[in-house]
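Below you'll find the structure, written out as structure tokens, and then a few comments.
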Amino acid sequence: MRDPAELSFEAGQWVSVPFGPKKVRAYSIASTPRSPGRLTLCADVAPGGIGSAWFRALAVGQAVEFKAPFGGFAFRRDDPRRPLFVAEEIGIVPIRAMLADLDETGFDLHATLVYRGRDRSWLPYDDELVALARRRPGFAYHPLVSGDVTAAVDALVADPRDLVAYVSGGGAMIDAVREGLMARGLDRKSVRWEKFW
Ligand SMILES: Cc1cc2nc3c(=O)[nH]c(=O)nc-3n(C[C@H](O)[C@H](O)[C@H](O)COP(=O)(O)OP(=O)(O)OC[C@H]3O[C@@H](n4cnc5c(N)ncnc54)[C@H](O)[C@@H]3O)c2cc1C
């Protein structure tokens with residue numbers, strides 16, 4: 001980055017890329033605050049609109065303009081409850097940033113991630129998450145390429161009342177997971193979410 005040379009942000013926050021008056025696209029920062037001079041974004045270009053076209057056309061070394069940081073989907077380290085992360089496809093990006101940040105800073109990671117994609121190639125960061133689960137016995141990684149996310153969450157979580165959920169992806173998945181957890185006793189405020197589409 002050149003101007004400013006560094007960006008201070010929390011893992012899970014996003015940048016806003018302008019495409020004209022009142023027209024922007026949001027992209028979560030995939031990298032962690034430990035590299036404030038170099039941000040990584042990760043995009044699914046399948047939606048095919050202006051944001052996707054912009055990503056496809058980016059050339060190495062090209063200057064880009066954006067505003068940042070935005071958003072409150074950030075991990076709360078002082079929350080004693082066990083985190084449950086649920087991601088759908090490209091919705092993994094802010095959760096990947098949180099997990100990498102916790103790992104880099106030596107946080108005692110006791111968490112579960114359920115990560116749904118239409119097949120394994122739609123699970124960016126899958127290899128890295130597999131490696132993280134190997135290195136960190138307290139981190140349970142559950143990639144899912146068939147079946148229902150809510151059923152997987154139900155099967156994995158014995159009692160949701162002592163957890164905090166971080167859910168990211170499409171609105172339908174977020175609603176279903178939230179409803180499922182609330183039906184089993186979790187309060188609405190304990191489900192934190194980032195809606196990509
Ligand atoms: C807070 C936030 C963070 C985001 N972070 C990222 C990110 O890190 N990476 C990223 O790729 N996108 C991210 N998005 C989505 C991104 O802002 C754009 O919506 C996306 O790139 C599509 O833009 P587009 O102009 O190509 O398509 P649009 O014309 O905006 O969308 C076309 C259609 O596709 C739907 N859609 C958009 N994205 C998806 C998707 N991934 N899967 C299925 N349907 C979709 C839209 O709802 C719309 O109906 C984020 C969105 C928000 C609100």
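By order in the structure tokens, chains are A, B, ...; within a chain, residues start at 1; ligands start at 1, following the order shown.
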
Can you tell me which residues sit at most 10 Å away from ligand 1, counting only C-alpha atoms and all ligand atoms, written as a PDB file with C-alpha atoms, in the first residue's frame?
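For reference, result06.pdb as written:
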ATOM      1  CA  GLY A  12     -12.963  -9.781   9.880  1.00  0.00           C
ATOM      2  CA  GLN A  13     -13.381  -6.206   8.657  1.00  0.00           C
ATOM      3  CA  TRP A  14     -13.826  -5.243   4.999  1.00  0.00           C
ATOM      4  CA  VAL A  15     -12.872  -2.711   2.357  1.00  0.00           C
ATOM      5  CA  SER A  16     -15.271  -0.809   0.134  1.00  0.00           C
ATOM      6  CA  VAL A  17     -14.399  -0.510  -3.555  1.00  0.00           C
ATOM      7  CA  PHE A  19     -17.756   1.915  -8.779  1.00  0.00           C
ATOM      8  CA  LYS A  23     -22.297   2.081  -6.087  1.00  0.00           C
ATOM      9  CA  VAL A  24     -19.752   0.065  -4.115  1.00  0.00           C
ATOM     10  CA  ARG A  25     -18.789  -3.534  -3.502  1.00  0.00           C
ATOM     11  CA  ALA A  26     -17.524  -4.833  -0.166  1.00  0.00           C
ATOM     12  CA  TYR A  27     -14.596  -7.253   0.164  1.00  0.00           C
ATOM     13  CA  SER A  28     -13.504  -8.776   3.444  1.00  0.00           C
ATOM     14  CA  ILE A  29      -9.809  -8.542   4.201  1.00  0.00           C
ATOM     15  CA  ALA A  30      -8.451 -12.070   4.027  1.00  0.00           C
ATOM     16  CA  THR A  40      -5.069  -9.713   0.662  1.00  0.00           C
ATOM     17  CA  LEU A  41      -8.548 -10.001  -0.794  1.00  0.00           C
ATOM     18  CA  CYS A  42     -10.148 -13.186  -2.063  1.00  0.00           C
ATOM     19  CA  ALA A  43     -13.098 -13.036  -4.431  1.00  0.00           C
ATOM     20  CA  ASP A  44     -15.577 -15.349  -6.065  1.00  0.00           C
ATOM     21  CA  VAL A  45     -16.006 -13.929  -9.562  1.00  0.00           C
ATOM     22  CA  ALA A  46     -18.898 -16.233 -10.493  1.00  0.00           C
ATOM     23  CA  PRO A  47     -21.624 -13.646  -9.661  1.00  0.00           C
ATOM     24  CA  GLY A  48     -20.444 -11.814 -12.799  1.00  0.00           C
ATOM     25  CA  GLY A  49     -21.412  -8.224 -11.920  1.00  0.00           C
ATOM     26  CA  ILE A  50     -19.206  -5.115 -11.739  1.00  0.00           C
ATOM     27  CA  GLY A  51     -17.269  -6.340  -8.706  1.00  0.00           C
ATOM     28  CA  SER A  52     -16.435  -9.644 -10.381  1.00  0.00           C
ATOM     29  CA  ALA A  53     -15.480  -7.902 -13.638  1.00  0.00           C
ATOM     30  CA  TRP A  54     -13.164  -5.561 -11.714  1.00  0.00           C
ATOM     31  CA  PHE A  55     -11.385  -8.500 -10.076  1.00  0.00           C
ATOM     32  CA  ARG A  56     -11.040 -10.361 -13.357  1.00  0.00           C
ATOM     33  CA  PHE A  70     -15.541  -1.138   7.869  1.00  0.00           C
ATOM     34  CA  GLY A  71     -17.685  -3.593   9.785  1.00  0.00           C
ATOM     35  CA  GLY A  72     -18.182  -5.094  13.189  1.00  0.00           C
ATOM     36  CA  PHE A  73     -17.833  -8.792  12.336  1.00  0.00           C
ATOM     37  CA  GLU A  88     -20.567 -20.839   3.180  1.00  0.00           C
ATOM     38  CA  GLU A  89     -18.187 -20.782   0.203  1.00  0.00           C
ATOM     39  CA  ILE A  90     -16.515 -17.355  -0.208  1.00  0.00           C
ATOM     40  CA  GLY A  91     -18.061 -16.362   3.138  1.00  0.00           C
ATOM     41  CA  ILE A  92     -15.019 -18.030   4.683  1.00  0.00           C
ATOM     42  CA  VAL A  93     -12.878 -14.921   4.045  1.00  0.00           C
ATOM     43  CA  PRO A  94     -13.512 -12.961   7.272  1.00  0.00           C
ATOM     44  CA  SER A 168     -20.816 -15.809   7.175  1.00  0.00           C
ATOM     45  CA  GLY A 169     -22.130 -16.389   3.662  1.00  0.00           C
ATOM     46  CA  GLY A 170     -25.560 -16.142   2.028  1.00  0.00           C
ATOM     47  CA  GLY A 171     -28.570 -14.756   3.867  1.00  0.00           C
ATOM     48  CA  TRP A 193     -23.095 -12.725  11.139  1.00  0.00           C
ATOM     49  CA  GLU A 194     -21.768 -11.277   7.888  1.00  0.00           C
ATOM     50  CA  LYS A 195     -24.132 -11.437   4.917  1.00  0.00           C
ATOM     51  CA  PHE A 196     -22.267 -11.520   1.590  1.00  0.00           C
ATOM     52  CA  TRP A 197     -25.330 -12.020  -0.618  1.00  0.00           C
TER      53      TRP A 197
END

Query raised in the report: Do you know which residues are at most 9 Å from Trp122 in chain A counting only C-alpha atoms, after dropping those on the same chain fewer than 3 positions away, and could you put them as a PyMOL selection string?
Result: chain A and resi 89-90+116-119+126+145

Write to file, as a CSV table (one decimal), in the first residue's frame, the residues of the selection just made, with N, CA and C atoms.
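Dumped everything to selection.csv:
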chain,number,residue,atom,x,y,z
A,89,GLU,N,-19.0,-21.1,1.4
A,89,GLU,CA,-18.2,-20.8,0.2
A,89,GLU,C,-17.3,-19.6,0.5
A,90,ILE,N,-17.4,-18.5,-0.4
A,90,ILE,CA,-16.5,-17.4,-0.2
A,90,ILE,C,-16.7,-16.6,1.1
A,116,ARG,N,-19.4,-25.0,4.5
A,116,ARG,CA,-20.2,-25.7,3.4
A,116,ARG,C,-19.8,-25.1,2.0
A,117,GLY,N,-19.6,-26.0,1.1
A,117,GLY,CA,-19.5,-25.6,-0.3
A,117,GLY,C,-20.1,-26.6,-1.2
A,118,ARG,N,-20.4,-26.2,-2.5
A,118,ARG,CA,-21.1,-27.2,-3.4
A,118,ARG,C,-20.2,-28.4,-3.7
A,119,ASP,N,-18.8,-28.2,-3.7
A,119,ASP,CA,-17.9,-29.3,-3.7
A,119,ASP,C,-16.6,-28.7,-3.2
A,126,ASP,N,-9.3,-24.4,2.2
A,126,ASP,CA,-9.5,-25.7,2.7
A,126,ASP,C,-8.2,-26.4,3.2
A,145,VAL,N,-19.6,-31.0,1.9
A,145,VAL,CA,-20.0,-30.7,0.5
A,145,VAL,C,-21.3,-31.4,0.1

Query raised in the report: So how many Å separate CA of Leu156 in chain A and CA of Leu84 in chain A, to one decimal?
Result: 9.9 Å

Query raised in the report: Of the candidates A:Leu132, A:Leu163, A:Val60, A:Val86, which one gets nearest to Asp101 in chain A if we count only C-alpha atoms?
Result: A:Leu132

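Proximity to Ala158 in chain A was assessed for A:Gly20, A:Gly185, A:Pro36, A:Gly61 counting only C-alpha atoms; the smallest distance is recorded for A:Gly185.
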
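Interatomic distance, CA of Gln62 in chain A to CA of Arg96 in chain A: 25.5 Å.
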
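As for CA of Ser121 in chain A and CA of Arg134 in chain A, they are spaced 20.4 Å apart.
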
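Across range 108-145 of chain A, DSSP run on the backbone finds alpha helix (DSSP H) at Asp126, Asp127, Glu128, Leu129, Val130, Ala131, Leu132, Ala133, Arg134 and Arg135 of chain A.
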
Could those selected residues go to a file with C-alpha atoms, as a short mmCIF file (atom, residue, chain, number, x, y, z; two decimals), in the first residue's frame?
data_model
loop_
_atom_site.label_atom_id
_atom_site.label_comp_id
_atom_site.auth_asym_id
_atom_site.auth_seq_id
_atom_site.Cartn_x
_atom_site.Cartn_y
_atom_site.Cartn_z
CA ASP A 126 -9.52 -25.74 2.74
CA ASP A 127 -5.87 -26.95 2.77
CA GLU A 128 -4.87 -24.27 5.22
CA LEU A 129 -7.79 -25.13 7.51
CA VAL A 130 -6.92 -28.83 7.41
CA ALA A 131 -3.35 -27.91 8.41
CA LEU A 132 -4.57 -25.61 11.16
CA ALA A 133 -6.73 -28.38 12.63
CA ARG A 134 -3.69 -30.71 12.60
CA ARG A 135 -1.53 -28.16 14.37
#

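Compared by their closest atoms to Tyr125 in chain A, and using only C-alpha atoms, the residues A:Ala111, A:Met173, A:Ala57, A:Ala97 rank with A:Ala97 nearest.
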
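Minimum distance to Met98 in chain A across A:Leu113, A:Leu58, A:Ala152, A:Ala68 (counting only C-alpha atoms) occurs at A:Leu113.
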
Report task. For Gly180 in chain A, list every protein, DNA or RNA residue within 9 Å, evaluated using only C-alpha atoms, and leave out those in the same chain fewer than 5 positions away; present the list as a list of chain:residue names. Result -> A:Thr150, A:Ala151, A:Val153, A:Asp154, A:Asp175, A:Leu186

Selected residues, C-alpha atoms, written as an mmCIF file, in the first residue's frame, please.
data_model
loop_
_atom_site.group_PDB
_atom_site.id
_atom_site.type_symbol
_atom_site.label_atom_id
_atom_site.label_comp_id
_atom_site.auth_asym_id
_atom_site.auth_seq_id
_atom_site.Cartn_x
_atom_site.Cartn_y
_atom_site.Cartn_z
ATOM 1 C CA THR A 150 -28.071 -26.777 10.080
ATOM 2 C CA ALA A 151 -28.176 -30.563 10.412
ATOM 3 C CA VAL A 153 -24.417 -27.888 13.314
ATOM 4 C CA ASP A 154 -27.109 -29.764 15.259
ATOM 5 C CA ASP A 175 -31.116 -17.337 8.744
ATOM 6 C CA LEU A 186 -29.250 -19.761 22.039
#

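In this comparison, which uses only C-alpha atoms, the residue of A:Ala176, A:Ile95, A:Pro4, A:Leu102 approaching Arg34 in chain A most closely is A:Leu102.
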
Report summary line: Using only C-alpha atoms, the best pick from A:Tyr166, A:Lys67, A:Ala5, A:Ala155 as closest to Gly37 in chain A would be A:Ala5

Query raised in the report: Quick one: DSSP strand (DSSP E or B) residues in range 13-195 of chain A, as an NGL selection string?
Result: :A and (14-18 or 24-29 or 41 or 67-70 or 82-88 or 111-116 or 139-144 or 163-169 or 191-195)

Requested in this report: Do a neighbour search on Asp187 in chain A at 12 Å with only C-alpha atoms, toss out local chain neighbours closer than 3 positions, and write the hits as a PyMOL selection string.
Outcome: chain A and resi 160-165+178-184+190-192
